[in-house]
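Notes follow the structure.
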There are 2 protein chains.
Amino acid sequence: MPFHSHTLPNGLQLIGETSPSARSVAVGFFVRTGARDETPAESGLSHFLEHMMFKGTARRSAADVNLDFDRIGASYNAYTSEENTVYYAALLPEYLPKGVDILADILRPSLRQADFDGEKKVILEEIDMYEDQPGSVAWDRARKLFYQTHPLGNSVLGTKQSVTALTRDQMADYFRRRYAANNIVVSAAGNYDWNEFVKLITEACSAWNTDTVGRDNRTEWGGNGGKHLLVREKVQQEYVMFMGGGPPANSKMRYAADTLALAVGDDSGSRLYWSLVDPGHADSADCSYVENDGTGAVYVSLTCEPENTEANNARVFEVLTDVQKGGITDAELQQAKSKILSRVVRGSERPMGRMQAIAAAWSYTGEYRDVDTELTNFDAVSLADVRAYLDAYPIDACTVIAFGPLKELNGLAGQVV
Amino acid sequence: MPFHSHTLPNGLQLIGETSPSARSVAVGFFVRTGARDETPAESGLSHFLEHMMFKGTARRSAADVNLDFDRIGASYNAYTSEENTVYYAALLPEYLPKGVDILADILRPSLRQADFDGEKKVILEEIDMYEDQPGSVAWDRARKLFYQTHPLGNSVLGTKQSVTALTRDQMADYFRRRYAANNIVVSAAGNYDWNEFVKLITEACSAWNTDTVGRDNRTEWGGNGGKHLLVREKVQQEYVMFMGGGPPANSKMRYAADTLALAVGDDSGSRLYWSLVDPGHADSADCSYVENDGTGAVYVSLTCEPENTEANNARVFEVLTDVQKGGITDAELQQAKSKILSRVVRGSERPMGRMQAIAAAWSYTGEYRDVDTELTNFDAVSLADVRAYLDAYPIDACTVIAFGPLKELNGLAGQVV
């Protein structure tokens, strides 16, 4: 699959893989901004702004945006994370011009006061709904306790207080700074013509402003190893998170980190699966490596009946200290690699998967990562690489946060939240 | 993509599409059995049996099944519906022999008494978890009230009573009858060699038994138009289902039914979206066509704050009677077609999508449906076809079931469930 890239004079970057055997094309605008780029007074602003992008432009009402996407049968959506805000669509090839026209248009929103006031209510309802999902609340609280003052602990949704206090002018200012052309990467994959794509984006986006863009505090963070017990009484299960440091997205160690996490805590056959899930001690016990801009993390998450939490925490620590001491076996390494290779290959079969993958790699490293190089890099991970990784990022050095009905755990008194 | 089919002497059918540009292969065993094929005393047995398939065979322990799938990096799973029980895996091409070996092996399970007793507890816990999900419980209750004595109203999970009463001998008897080779279709799609696949399946499955297989009561059913109010007090929202008849899976009218359902109730731009969701009256209001063996159905589902239910029900009926009287516009037809064409094309890009699609068509009609024919059939739907469809299956002739905290609705007193 040939790779292409291009930069407009205003700094907007275009990247793409073309695949003539595909039957569709996926396009995404990756804005390098999210919760970690917000000041405390701006908490929740990136996500609120993402909603406002669908509320109309100089050329389109909110209804027009919906209708225009529907007329071309687009599958479209958007999301906001700690470090990216992404707008994307999957299209039939003949609708690429129209799809680009709509996506580029909504990225220059009107931000009308009446729409801002109406959408604020929707966001506040979304925060209410979210509060009813204990698993999500647990993660949000745990991230904050793990990351402390590091901006990766910022909440994507914000709080009802912070969102209520936001003004349209704050949003317009944030938009101007963070949605500058030189803070955006447009990615495409599938069946389309690269030169036509460059022409379409050039026409639609050349007038976009340039600004001084950047990101504060990209230092590595591994937590401080504390233990926290958060009490929420109406919840049925206990949610426990074990959070430790990991390599940043641009580190060569990312391959060892991902492979090891799978061997330790994939949801079928893994150390945690055999120790906790297969014997029925816990509903789930997973381990995953998360890569971020400037830092990374390894999270173990456990869900179980409250009365089994103490024994299960001990089982998790036994697994983690065993791995830290003795590493994993060659059989475990090969098994984890098989799963990853299969996952990468299957993900590569869809334009949407490739569009997202090349944009993520480009955003973090400024480099193109083709499927075969990615496969080669994972295949090359050795037991010595795993050992070197564990020495650099000890997997048993975690901050532990439990969330649920338990009021006391190993002598630690809970704090009602 | 070339199509192939083959039948073993014992009646097992093999079908497949080969696509050399794919990078993976998907394989599925479709057993033509589900809740609709159970007697009242067998309620929940198909789903329980699906769980037992992963509990070990003459050659493999339950742990071996898990480990063997993991060693080849397979993404594998199973599900049970009212009319099918399906076991499938996505694999890298070089692991096809191993993947077929594991799948075929687990389909001849040991059904050991100790495993049966242990897994029964898991199923009973699953029923408990399910009872905590009001949306799912609402559907289960609504289907029973709509289908009355038609076997499509049977519950996939069964009840705690019916599952508790099941015995291992009942399961062994059901397995022998329903998992006979002549009641199974094996489907494959992606990058593999057809002749090798036939050889692998022939070796693995030729010894499987043949039996008298069939299915009772495949008559069409459109409900009896009643209204029901089911009260569950701790639920926050009201779930309302409007259920009417539709064409069976082997009817030519399936294309008009699917297209019309999208125009009426797709989750972006549709009659129900603009009438209920966009103005904020309801959280969701969708319409979908469901095709089954011998009959079909059109379901509208509405979720809203309880106090808005009465007004929203009136809005839904206004939409449905308008459509029944005046049909849809040409613009609506074209928009619905665009969405379907895009959905079909994108679904065709993944071996897993094609493997499922050809197996569904084959099971229902005994015919192969290639992507281009499917696209042509949808593209050919005219406003006259929509009219003919509405005359045959009036969309406003529904059975209505509301489930939630409301104790009274339009003068109808609720029944606590």
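By order in the structure tokens, chains are A, B, ...; within a chain, residues start at 1; ligands start at 1, following the order shown.
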
Show me, as a tab-separated table, the residues of chain A having an atom within 9 Å of chain B, each with the closest atom pair and its distance in Å, using only C-alpha atoms.
```
residue	atom	partner	partner_atom	distance
A:Ser21	CA	B:Ser21	CA	7.3
A:Ala22	CA	B:Glu349	CA	6.9
A:Arg23	CA	B:Val345	CA	6.5
A:Ser24	CA	B:Arg346	CA	6.3
A:Ala63	CA	B:Gly269	CA	8.5
A:Asn66	CA	B:Gly269	CA	6.3
A:Leu67	CA	B:Gly269	CA	6.1
A:Asp70	CA	B:Gln335	CA	6.3
A:Arg71	CA	B:Gln335	CA	4.8
A:Ile72	CA	B:Ser338	CA	5.7
A:Gly73	CA	B:Lys339	CA	3.7
A:Ala74	CA	B:Lys339	CA	6.8
A:Ser75	CA	B:Ser342	CA	8.1
A:Ala90	CA	B:Arg346	CA	8.2
A:Leu91	CA	B:Ser342	CA	6.8
A:Leu92	CA	B:Ser342	CA	6.0
A:Ser268	CA	B:Asn66	CA	7.0
A:Gly269	CA	B:Leu67	CA	6.2
A:Asp278	CA	B:Ala63	CA	8.8
A:Ala331	CA	B:Arg71	CA	8.7
A:Glu332	CA	B:Arg71	CA	8.9
A:Gln334	CA	B:Arg71	CA	7.6
A:Gln335	CA	B:Arg71	CA	4.8
A:Ala336	CA	B:Gly73	CA	7.6
A:Lys337	CA	B:Gly73	CA	7.8
A:Ser338	CA	B:Gly73	CA	4.5
A:Lys339	CA	B:Gly73	CA	3.7
A:Ile340	CA	B:Gly73	CA	7.2
A:Leu341	CA	B:Gly73	CA	7.5
A:Ser342	CA	B:Gly73	CA	5.7
A:Arg343	CA	B:Gly73	CA	7.9
A:Val345	CA	B:Arg23	CA	6.4
A:Arg346	CA	B:Ser24	CA	6.3
A:Ser348	CA	B:Arg23	CA	8.2
A:Glu349	CA	B:Arg350	CA	6.4
A:Arg350	CA	B:Glu349	CA	6.4
A:Pro351	CA	B:Glu349	CA	8.7
```

If we count only C-alpha atoms, what is near stretch 165-171 of chain A at a cut-off of 9 Å, once residues fewer than 3 positions away on the same chain are taken out, given as number ranges by chain? A: 41-46, 48-49, 111-113, 116-117, 120, 160-162, 174-176

Would you work out the distance separating atom CA of A:Gly28 from atom CA of A:Ala89, expressed in Å to one decimal?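 Distance between the two atoms: 6.5 Å.
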
Contact check, stretch 22-47 of chain B to stretch 216-226 of chain B, at most 10 Å, counting only C-alpha atoms, closest pairs as a Markdown table:
```
| residue | atom | partner | partner_atom | distance |
| --- | --- | --- | --- | --- |
| B:Arg36 | CA | B:Asp216 | CA | 8.4 |
| B:Asp37 | CA | B:Asp216 | CA | 7.2 |
| B:Glu38 | CA | B:Asp216 | CA | 9.8 |
```

Output for the residues just chosen: all heavy atoms as a compact mmCIF listing (two decimals), in the first residue's frame:
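Full text of part_32.txt as output:
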```
# COMPACT_ATOMS: atom_id res chain seq x y z
N ARG B 36 -35.92 -21.38 19.22
CA ARG B 36 -37.18 -21.75 18.59
C ARG B 36 -37.31 -23.25 18.39
O ARG B 36 -38.39 -23.76 18.08
CB ARG B 36 -37.37 -21.01 17.25
CG ARG B 36 -36.46 -21.47 16.14
CD ARG B 36 -36.69 -20.66 14.86
NE ARG B 36 -37.95 -20.98 14.21
CZ ARG B 36 -38.46 -20.32 13.19
NH1 ARG B 36 -37.81 -19.26 12.70
NH2 ARG B 36 -39.59 -20.67 12.64
N ASP B 37 -36.20 -23.96 18.50
CA ASP B 37 -36.24 -25.41 18.30
C ASP B 37 -36.31 -26.17 19.62
O ASP B 37 -36.19 -27.40 19.65
CB ASP B 37 -34.99 -25.85 17.52
CG ASP B 37 -34.90 -25.12 16.18
OD1 ASP B 37 -35.85 -25.26 15.38
OD2 ASP B 37 -33.92 -24.38 15.95
N GLU B 38 -36.52 -25.45 20.73
CA GLU B 38 -36.59 -26.09 22.05
C GLU B 38 -38.04 -26.32 22.46
O GLU B 38 -38.91 -25.48 22.20
CB GLU B 38 -35.91 -25.19 23.10
CG GLU B 38 -34.42 -24.97 22.83
CD GLU B 38 -33.83 -23.83 23.67
OE1 GLU B 38 -34.59 -23.11 24.34
OE2 GLU B 38 -32.60 -23.67 23.63
```

Could you check which of A:Ala35, A:Leu103, A:Leu409, A:Leu302 is closest to A:Leu157, using only C-alpha atoms? A:Ala35

Can you tell me which residues surround A:Gly153 at a distance of at most 10 Å, considering only C-alpha atoms, apart from same-chain residues fewer than 3 positions away, and format the answer as JSON, numbers by chain? {"A": [35, 36, 82, 140, 141, 142, 143, 144, 145, 146, 147, 148, 149, 150, 156]}

Store the residues of this selection in a file with N, CA and C atoms, as a CSV table (one decimal), in the first residue's frame.
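In the end it all went to result27.csv:
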```
chain,number,residue,atom,x,y,z
A,35,ALA,N,-8.0,16.9,26.6
A,35,ALA,CA,-8.1,17.3,28.0
A,35,ALA,C,-6.8,17.7,28.6
A,36,ARG,N,-5.7,17.1,28.1
A,36,ARG,CA,-4.4,17.4,28.7
A,36,ARG,C,-3.9,18.8,28.3
A,82,GLU,N,-7.7,12.3,25.9
A,82,GLU,CA,-6.8,13.2,26.6
A,82,GLU,C,-5.9,14.0,25.7
A,140,ASP,N,-11.9,7.3,35.7
A,140,ASP,CA,-11.7,8.8,35.7
A,140,ASP,C,-11.0,9.2,37.1
A,141,ARG,N,-11.5,8.6,38.2
A,141,ARG,CA,-11.0,9.0,39.5
A,141,ARG,C,-9.6,8.4,39.6
A,142,ALA,N,-9.4,7.2,39.1
A,142,ALA,CA,-8.1,6.5,39.2
A,142,ALA,C,-7.0,7.2,38.5
A,143,ARG,N,-7.3,7.7,37.3
A,143,ARG,CA,-6.4,8.4,36.5
A,143,ARG,C,-5.9,9.7,37.2
A,144,LYS,N,-6.8,10.4,37.8
A,144,LYS,CA,-6.5,11.6,38.5
A,144,LYS,C,-5.5,11.3,39.7
A,145,LEU,N,-5.8,10.2,40.4
A,145,LEU,CA,-5.0,9.8,41.6
A,145,LEU,C,-3.6,9.3,41.1
A,146,PHE,N,-3.6,8.7,40.0
A,146,PHE,CA,-2.3,8.2,39.4
A,146,PHE,C,-1.5,9.3,38.9
A,147,TYR,N,-2.1,10.2,38.1
A,147,TYR,CA,-1.3,11.2,37.4
A,147,TYR,C,-1.0,12.5,38.2
A,148,GLN,N,-1.8,12.6,39.4
A,148,GLN,CA,-1.5,13.8,40.2
A,148,GLN,C,-1.6,15.1,39.5
A,149,THR,N,-0.6,15.9,39.4
A,149,THR,CA,-0.6,17.1,38.7
A,149,THR,C,-0.2,17.0,37.2
A,150,HIS,N,0.2,15.8,36.8
A,150,HIS,CA,0.5,15.7,35.3
A,150,HIS,C,-0.8,15.9,34.5
A,156,VAL,N,-11.7,14.2,30.6
A,156,VAL,CA,-12.2,14.6,29.3
A,156,VAL,C,-13.6,15.3,29.4
```

To test your reading of the structure, identify every residue in stretch 227-415 of chain B that backbone DSSP assigns to strand (DSSP E or B), and report it as a short mmCIF file (atom, residue, chain, number, x, y, z; two decimals) with all heavy atoms, in the first residue's frame.
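Final file, states14.cif:
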```
data_model
loop_
_atom_site.label_atom_id
_atom_site.label_comp_id
_atom_site.auth_asym_id
_atom_site.auth_seq_id
_atom_site.Cartn_x
_atom_site.Cartn_y
_atom_site.Cartn_z
N LYS B 227 -51.98 -4.15 23.31
CA LYS B 227 -51.15 -3.18 24.04
C LYS B 227 -50.85 -3.72 25.43
O LYS B 227 -51.75 -4.21 26.10
CB LYS B 227 -51.87 -1.84 24.15
CG LYS B 227 -51.99 -1.10 22.82
CD LYS B 227 -52.49 0.32 23.04
CE LYS B 227 -53.09 0.93 21.78
NZ LYS B 227 -52.26 0.80 20.57
N HIS B 228 -49.61 -3.62 25.86
CA HIS B 228 -49.21 -4.19 27.14
C HIS B 228 -48.34 -3.19 27.91
O HIS B 228 -47.49 -2.53 27.31
CB HIS B 228 -48.40 -5.47 26.91
CG HIS B 228 -49.10 -6.46 26.04
ND1 HIS B 228 -49.92 -7.44 26.54
CD2 HIS B 228 -49.12 -6.60 24.68
CE1 HIS B 228 -50.41 -8.15 25.53
NE2 HIS B 228 -49.94 -7.68 24.39
N LEU B 229 -48.56 -3.10 29.21
CA LEU B 229 -47.72 -2.24 30.05
C LEU B 229 -47.12 -3.08 31.16
O LEU B 229 -47.83 -3.62 32.02
CB LEU B 229 -48.56 -1.09 30.64
CG LEU B 229 -47.79 -0.12 31.55
CD1 LEU B 229 -46.69 0.61 30.79
CD2 LEU B 229 -48.74 0.88 32.20
N LEU B 230 -45.78 -3.23 31.12
CA LEU B 230 -45.08 -4.03 32.12
C LEU B 230 -44.35 -3.08 33.06
O LEU B 230 -43.62 -2.19 32.61
CB LEU B 230 -44.08 -4.96 31.44
CG LEU B 230 -44.66 -5.85 30.33
CD1 LEU B 230 -43.57 -6.71 29.71
CD2 LEU B 230 -45.78 -6.73 30.88
N VAL B 231 -44.53 -3.26 34.36
CA VAL B 231 -43.98 -2.32 35.34
C VAL B 231 -42.75 -2.91 36.03
O VAL B 231 -42.81 -3.99 36.61
CB VAL B 231 -45.03 -1.96 36.41
CG1 VAL B 231 -44.49 -0.88 37.34
CG2 VAL B 231 -46.34 -1.52 35.75
N GLU B 238 -38.34 4.56 30.31
CA GLU B 238 -39.40 3.70 29.78
C GLU B 238 -38.93 3.18 28.42
O GLU B 238 -38.42 3.94 27.59
CB GLU B 238 -40.70 4.50 29.64
CG GLU B 238 -41.95 3.66 29.44
CD GLU B 238 -42.43 2.93 30.71
OE1 GLU B 238 -42.01 3.30 31.82
OE2 GLU B 238 -43.21 1.97 30.55
N TYR B 239 -39.07 1.86 28.21
CA TYR B 239 -38.68 1.21 26.96
C TYR B 239 -39.97 0.79 26.25
O TYR B 239 -40.73 -0.01 26.80
CB TYR B 239 -37.82 -0.02 27.23
CG TYR B 239 -36.53 0.30 27.96
CD1 TYR B 239 -36.51 0.51 29.34
CD2 TYR B 239 -35.33 0.42 27.26
CE1 TYR B 239 -35.35 0.83 30.00
CE2 TYR B 239 -34.15 0.73 27.93
CZ TYR B 239 -34.17 0.94 29.30
OH TYR B 239 -33.01 1.27 29.95
N VAL B 240 -40.20 1.32 25.05
CA VAL B 240 -41.43 0.96 24.34
C VAL B 240 -41.08 0.29 23.01
O VAL B 240 -40.23 0.80 22.26
CB VAL B 240 -42.32 2.19 24.07
CG1 VAL B 240 -43.71 1.74 23.61
CG2 VAL B 240 -42.42 3.08 25.30
N MET B 241 -41.71 -0.84 22.75
CA MET B 241 -41.48 -1.56 21.50
C MET B 241 -42.77 -1.68 20.71
O MET B 241 -43.80 -2.04 21.27
CB MET B 241 -40.90 -2.95 21.79
CG MET B 241 -39.42 -2.88 22.10
SD MET B 241 -38.94 -3.75 23.62
CE MET B 241 -39.91 -2.89 24.84
N PHE B 242 -42.69 -1.35 19.43
CA PHE B 242 -43.82 -1.46 18.51
C PHE B 242 -43.44 -2.56 17.53
O PHE B 242 -42.51 -2.40 16.74
CB PHE B 242 -44.03 -0.15 17.75
CG PHE B 242 -44.20 1.06 18.64
CD1 PHE B 242 -43.11 1.61 19.30
CD2 PHE B 242 -45.44 1.66 18.80
CE1 PHE B 242 -43.25 2.73 20.11
CE2 PHE B 242 -45.60 2.77 19.61
CZ PHE B 242 -44.50 3.30 20.27
N MET B 243 -44.16 -3.69 17.58
CA MET B 243 -43.72 -4.86 16.81
C MET B 243 -44.79 -5.28 15.82
O MET B 243 -45.94 -5.51 16.19
CB MET B 243 -43.40 -5.99 17.78
CG MET B 243 -42.46 -5.54 18.91
SD MET B 243 -42.15 -6.81 20.19
CE MET B 243 -40.65 -7.54 19.60
N GLY B 244 -44.40 -5.41 14.55
CA GLY B 244 -45.33 -5.83 13.51
C GLY B 244 -44.69 -6.87 12.60
O GLY B 244 -43.49 -7.13 12.68
N GLY B 245 -45.49 -7.44 11.71
CA GLY B 245 -45.00 -8.47 10.83
C GLY B 245 -44.13 -7.94 9.70
O GLY B 245 -44.15 -6.75 9.38
N GLY B 246 -43.37 -8.84 9.09
CA GLY B 246 -42.51 -8.50 7.95
C GLY B 246 -42.25 -9.75 7.14
O GLY B 246 -42.59 -10.85 7.57
N SER B 284 -33.73 7.74 22.12
CA SER B 284 -33.54 6.98 20.88
C SER B 284 -34.89 6.53 20.35
O SER B 284 -35.84 6.34 21.12
CB SER B 284 -32.63 5.77 21.10
OG SER B 284 -33.27 4.81 21.90
N ALA B 285 -35.00 6.41 19.06
CA ALA B 285 -36.22 5.93 18.40
C ALA B 285 -35.75 5.33 17.07
O ALA B 285 -35.39 6.06 16.15
CB ALA B 285 -37.21 7.06 18.17
N ASP B 286 -35.72 4.01 17.02
CA ASP B 286 -35.16 3.31 15.86
C ASP B 286 -36.18 2.37 15.24
O ASP B 286 -37.09 1.90 15.92
CB ASP B 286 -33.96 2.46 16.27
CG ASP B 286 -32.93 3.26 17.04
OD1 ASP B 286 -32.54 4.32 16.54
OD2 ASP B 286 -32.56 2.84 18.15
N CYS B 287 -35.98 2.07 13.97
CA CYS B 287 -36.81 1.08 13.29
C CYS B 287 -35.90 0.10 12.59
O CYS B 287 -34.92 0.51 11.95
CB CYS B 287 -37.72 1.77 12.28
SG CYS B 287 -38.77 0.63 11.35
N SER B 288 -36.20 -1.19 12.71
CA SER B 288 -35.37 -2.17 12.01
C SER B 288 -36.21 -3.34 11.51
O SER B 288 -37.22 -3.69 12.10
CB SER B 288 -34.25 -2.68 12.91
OG SER B 288 -34.79 -3.17 14.11
N TYR B 289 -35.77 -3.88 10.38
CA TYR B 289 -36.39 -5.08 9.82
C TYR B 289 -35.56 -6.28 10.25
O TYR B 289 -34.34 -6.26 10.12
CB TYR B 289 -36.44 -4.97 8.29
CG TYR B 289 -36.63 -6.30 7.59
CD1 TYR B 289 -37.77 -7.06 7.80
CD2 TYR B 289 -35.66 -6.78 6.71
CE1 TYR B 289 -37.93 -8.29 7.17
CE2 TYR B 289 -35.82 -8.00 6.06
CZ TYR B 289 -36.96 -8.75 6.30
OH TYR B 289 -37.11 -9.96 5.68
N VAL B 290 -36.22 -7.31 10.77
CA VAL B 290 -35.55 -8.52 11.22
C VAL B 290 -36.03 -9.67 10.37
O VAL B 290 -37.25 -9.91 10.29
CB VAL B 290 -35.86 -8.79 12.70
CG1 VAL B 290 -35.20 -10.07 13.17
CG2 VAL B 290 -35.43 -7.62 13.56
N GLU B 291 -35.12 -10.39 9.72
CA GLU B 291 -35.54 -11.50 8.87
C GLU B 291 -35.32 -12.82 9.60
O GLU B 291 -34.29 -13.02 10.23
CB GLU B 291 -34.81 -11.48 7.53
CG GLU B 291 -33.30 -11.42 7.60
CD GLU B 291 -32.64 -11.30 6.22
OE1 GLU B 291 -33.34 -11.47 5.21
OE2 GLU B 291 -31.42 -11.06 6.18
N GLY B 296 -40.89 -12.78 9.37
CA GLY B 296 -40.03 -11.63 9.58
C GLY B 296 -40.76 -10.64 10.45
O GLY B 296 -41.93 -10.85 10.81
N ALA B 297 -40.10 -9.55 10.82
CA ALA B 297 -40.74 -8.57 11.70
C ALA B 297 -40.14 -7.20 11.48
O ALA B 297 -39.01 -7.06 11.00
CB ALA B 297 -40.60 -8.99 13.16
N VAL B 298 -40.93 -6.18 11.79
CA VAL B 298 -40.42 -4.82 11.81
C VAL B 298 -40.61 -4.31 13.24
O VAL B 298 -41.72 -4.36 13.78
CB VAL B 298 -41.15 -3.92 10.80
CG1 VAL B 298 -40.76 -2.45 11.00
CG2 VAL B 298 -40.81 -4.36 9.38
N TYR B 299 -39.51 -3.90 13.86
CA TYR B 299 -39.55 -3.43 15.24
C TYR B 299 -39.23 -1.94 15.30
O TYR B 299 -38.22 -1.50 14.73
CB TYR B 299 -38.49 -4.13 16.10
CG TYR B 299 -38.60 -5.63 16.20
CD1 TYR B 299 -37.46 -6.41 16.39
CD2 TYR B 299 -39.83 -6.27 16.16
CE1 TYR B 299 -37.54 -7.79 16.51
CE2 TYR B 299 -39.92 -7.67 16.28
CZ TYR B 299 -38.77 -8.42 16.45
OH TYR B 299 -38.84 -9.79 16.58
N VAL B 300 -40.06 -1.16 16.01
CA VAL B 300 -39.68 0.21 16.37
C VAL B 300 -39.40 0.19 17.86
O VAL B 300 -40.20 -0.34 18.64
CB VAL B 300 -40.81 1.21 16.05
CG1 VAL B 300 -40.52 2.57 16.69
CG2 VAL B 300 -40.97 1.36 14.54
N SER B 301 -38.26 0.73 18.27
CA SER B 301 -38.00 0.80 19.71
C SER B 301 -37.75 2.24 20.10
O SER B 301 -37.08 3.00 19.39
CB SER B 301 -36.82 -0.09 20.08
OG SER B 301 -35.61 0.53 19.80
N LEU B 302 -38.30 2.60 21.25
CA LEU B 302 -38.28 3.98 21.75
C LEU B 302 -37.78 3.94 23.19
O LEU B 302 -38.20 3.09 23.97
CB LEU B 302 -39.71 4.51 21.69
CG LEU B 302 -40.09 5.74 22.51
CD1 LEU B 302 -39.53 7.01 21.86
CD2 LEU B 302 -41.62 5.86 22.62
N THR B 303 -36.85 4.82 23.54
CA THR B 303 -36.41 4.95 24.92
C THR B 303 -36.53 6.40 25.33
O THR B 303 -36.04 7.29 24.62
CB THR B 303 -34.92 4.54 25.07
OG1 THR B 303 -34.70 3.36 24.33
CG2 THR B 303 -34.55 4.31 26.51
N CYS B 304 -37.22 6.67 26.44
CA CYS B 304 -37.41 8.07 26.84
C CYS B 304 -37.69 8.20 28.33
O CYS B 304 -37.85 7.20 29.03
CB CYS B 304 -38.55 8.69 26.02
SG CYS B 304 -40.16 7.96 26.33
N THR B 399 -48.18 -4.52 17.63
CA THR B 399 -48.38 -4.85 19.03
C THR B 399 -47.44 -3.90 19.80
O THR B 399 -46.29 -3.73 19.41
CB THR B 399 -47.97 -6.31 19.29
OG1 THR B 399 -48.74 -7.15 18.42
CG2 THR B 399 -48.20 -6.69 20.74
N VAL B 400 -47.96 -3.25 20.85
CA VAL B 400 -47.15 -2.28 21.58
C VAL B 400 -46.88 -2.78 22.99
O VAL B 400 -47.81 -3.16 23.70
CB VAL B 400 -47.84 -0.90 21.66
CG1 VAL B 400 -46.93 0.13 22.33
CG2 VAL B 400 -48.25 -0.44 20.26
N ILE B 401 -45.62 -2.79 23.38
CA ILE B 401 -45.26 -3.23 24.73
C ILE B 401 -44.38 -2.16 25.37
O ILE B 401 -43.32 -1.81 24.84
CB ILE B 401 -44.47 -4.56 24.70
CG1 ILE B 401 -45.28 -5.65 24.02
CG2 ILE B 401 -44.10 -4.99 26.13
CD1 ILE B 401 -44.89 -5.95 22.60
N ALA B 402 -44.84 -1.59 26.50
CA ALA B 402 -44.02 -0.63 27.24
C ALA B 402 -43.50 -1.31 28.50
O ALA B 402 -44.23 -2.08 29.15
CB ALA B 402 -44.85 0.60 27.60
N PHE B 403 -42.25 -1.04 28.85
CA PHE B 403 -41.58 -1.67 30.00
C PHE B 403 -40.84 -0.58 30.75
O PHE B 403 -40.05 0.16 30.15
CB PHE B 403 -40.61 -2.74 29.48
CG PHE B 403 -39.78 -3.41 30.56
CD1 PHE B 403 -40.16 -4.64 31.08
CD2 PHE B 403 -38.61 -2.83 31.03
CE1 PHE B 403 -39.39 -5.28 32.05
CE2 PHE B 403 -37.84 -3.45 32.01
CZ PHE B 403 -38.23 -4.68 32.52
N GLY B 404 -41.10 -0.45 32.04
CA GLY B 404 -40.41 0.59 32.81
C GLY B 404 -41.19 0.97 34.05
O GLY B 404 -42.05 0.20 34.51
N GLU B 408 -49.26 3.38 34.73
CA GLU B 408 -50.48 3.56 33.94
C GLU B 408 -50.10 4.32 32.68
O GLU B 408 -49.24 5.20 32.69
CB GLU B 408 -51.48 4.36 34.80
CG GLU B 408 -52.90 4.42 34.24
CD GLU B 408 -53.14 5.70 33.47
OE1 GLU B 408 -52.60 6.75 33.89
OE2 GLU B 408 -53.83 5.65 32.43
N LEU B 409 -50.73 3.93 31.57
CA LEU B 409 -50.40 4.57 30.30
C LEU B 409 -51.66 4.59 29.44
O LEU B 409 -52.21 3.53 29.14
CB LEU B 409 -49.28 3.79 29.59
CG LEU B 409 -48.75 4.33 28.26
CD1 LEU B 409 -48.12 5.71 28.43
CD2 LEU B 409 -47.72 3.36 27.67
N LEU B 412 -54.36 2.41 30.49
CA LEU B 412 -54.04 0.99 30.65
C LEU B 412 -53.25 0.81 31.95
O LEU B 412 -52.24 1.47 32.17
CB LEU B 412 -53.20 0.53 29.44
CG LEU B 412 -52.76 -0.94 29.39
CD1 LEU B 412 -53.95 -1.87 29.20
CD2 LEU B 412 -51.75 -1.13 28.26
N ALA B 413 -53.76 -0.07 32.83
CA ALA B 413 -53.07 -0.32 34.10
C ALA B 413 -51.92 -1.30 33.88
O ALA B 413 -52.06 -2.27 33.13
CB ALA B 413 -54.05 -0.87 35.12
N GLN B 415 -48.85 -4.13 34.67
CA GLN B 415 -48.71 -5.40 35.37
C GLN B 415 -47.27 -5.48 35.87
O GLN B 415 -46.32 -5.40 35.07
CB GLN B 415 -49.01 -6.51 34.36
CG GLN B 415 -48.89 -7.92 34.90
CD GLN B 415 -48.70 -8.93 33.77
OE1 GLN B 415 -48.87 -8.61 32.58
NE2 GLN B 415 -48.29 -10.14 34.12
#
```

One decimal place gives the atom CA of A:Ala172-atom CA of A:Met129 separation as 26.9 Å

Which residue, B:Lys199, B:His4, B:Arg60, B:His47, has the smallest gap to B:Tyr368 when you use only C-alpha atoms?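 Smallest separation from B:Tyr368 among the options: B:His4.
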
Mind checking DSSP for stretch 15-219 of chain A and telling me the alpha helix (DSSP H) residues as an MDAnalysis selection string? chainID A and resid 45:52 62:71 96:106 113:131 134:147 160:165 168:178 194:205

Could you name the residues that touch A:Leu320 at 12 Å or less, counting only C-alpha atoms, but leaving out those on the same chain fewer than 6 positions away, as number ranges by chain? A: 242-244, 260-261, 263-265, 271-272, 275, 287, 298-300, 313-314, 326-328, 390, 394-398

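Nearest residue to B:Ala256 among B:Thr18, B:Thr295, B:Asn377, B:Thr164 is B:Asn377, counting only C-alpha atoms.
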
Per residue of stretch 167-256 of chain A within 12 Å of stretch 353-358 of chain A, record the nearest atom pair and its distance in Å to one decimal, counting only C-alpha atoms, with rows in chain order and ascending residue number, as JSON lines.
```
{"residue": "A:Val185", "atom": "CA", "partner": "A:Ile358", "partner_atom": "CA", "distance": 10.5}
{"residue": "A:Val186", "atom": "CA", "partner": "A:Met355", "partner_atom": "CA", "distance": 9.4}
{"residue": "A:Ser187", "atom": "CA", "partner": "A:Met355", "partner_atom": "CA", "distance": 5.8}
{"residue": "A:Ala188", "atom": "CA", "partner": "A:Met355", "partner_atom": "CA", "distance": 5.3}
{"residue": "A:Ala189", "atom": "CA", "partner": "A:Met355", "partner_atom": "CA", "distance": 4.9}
{"residue": "A:Gly190", "atom": "CA", "partner": "A:Met355", "partner_atom": "CA", "distance": 8.1}
{"residue": "A:Asn191", "atom": "CA", "partner": "A:Met355", "partner_atom": "CA", "distance": 11.6}
```
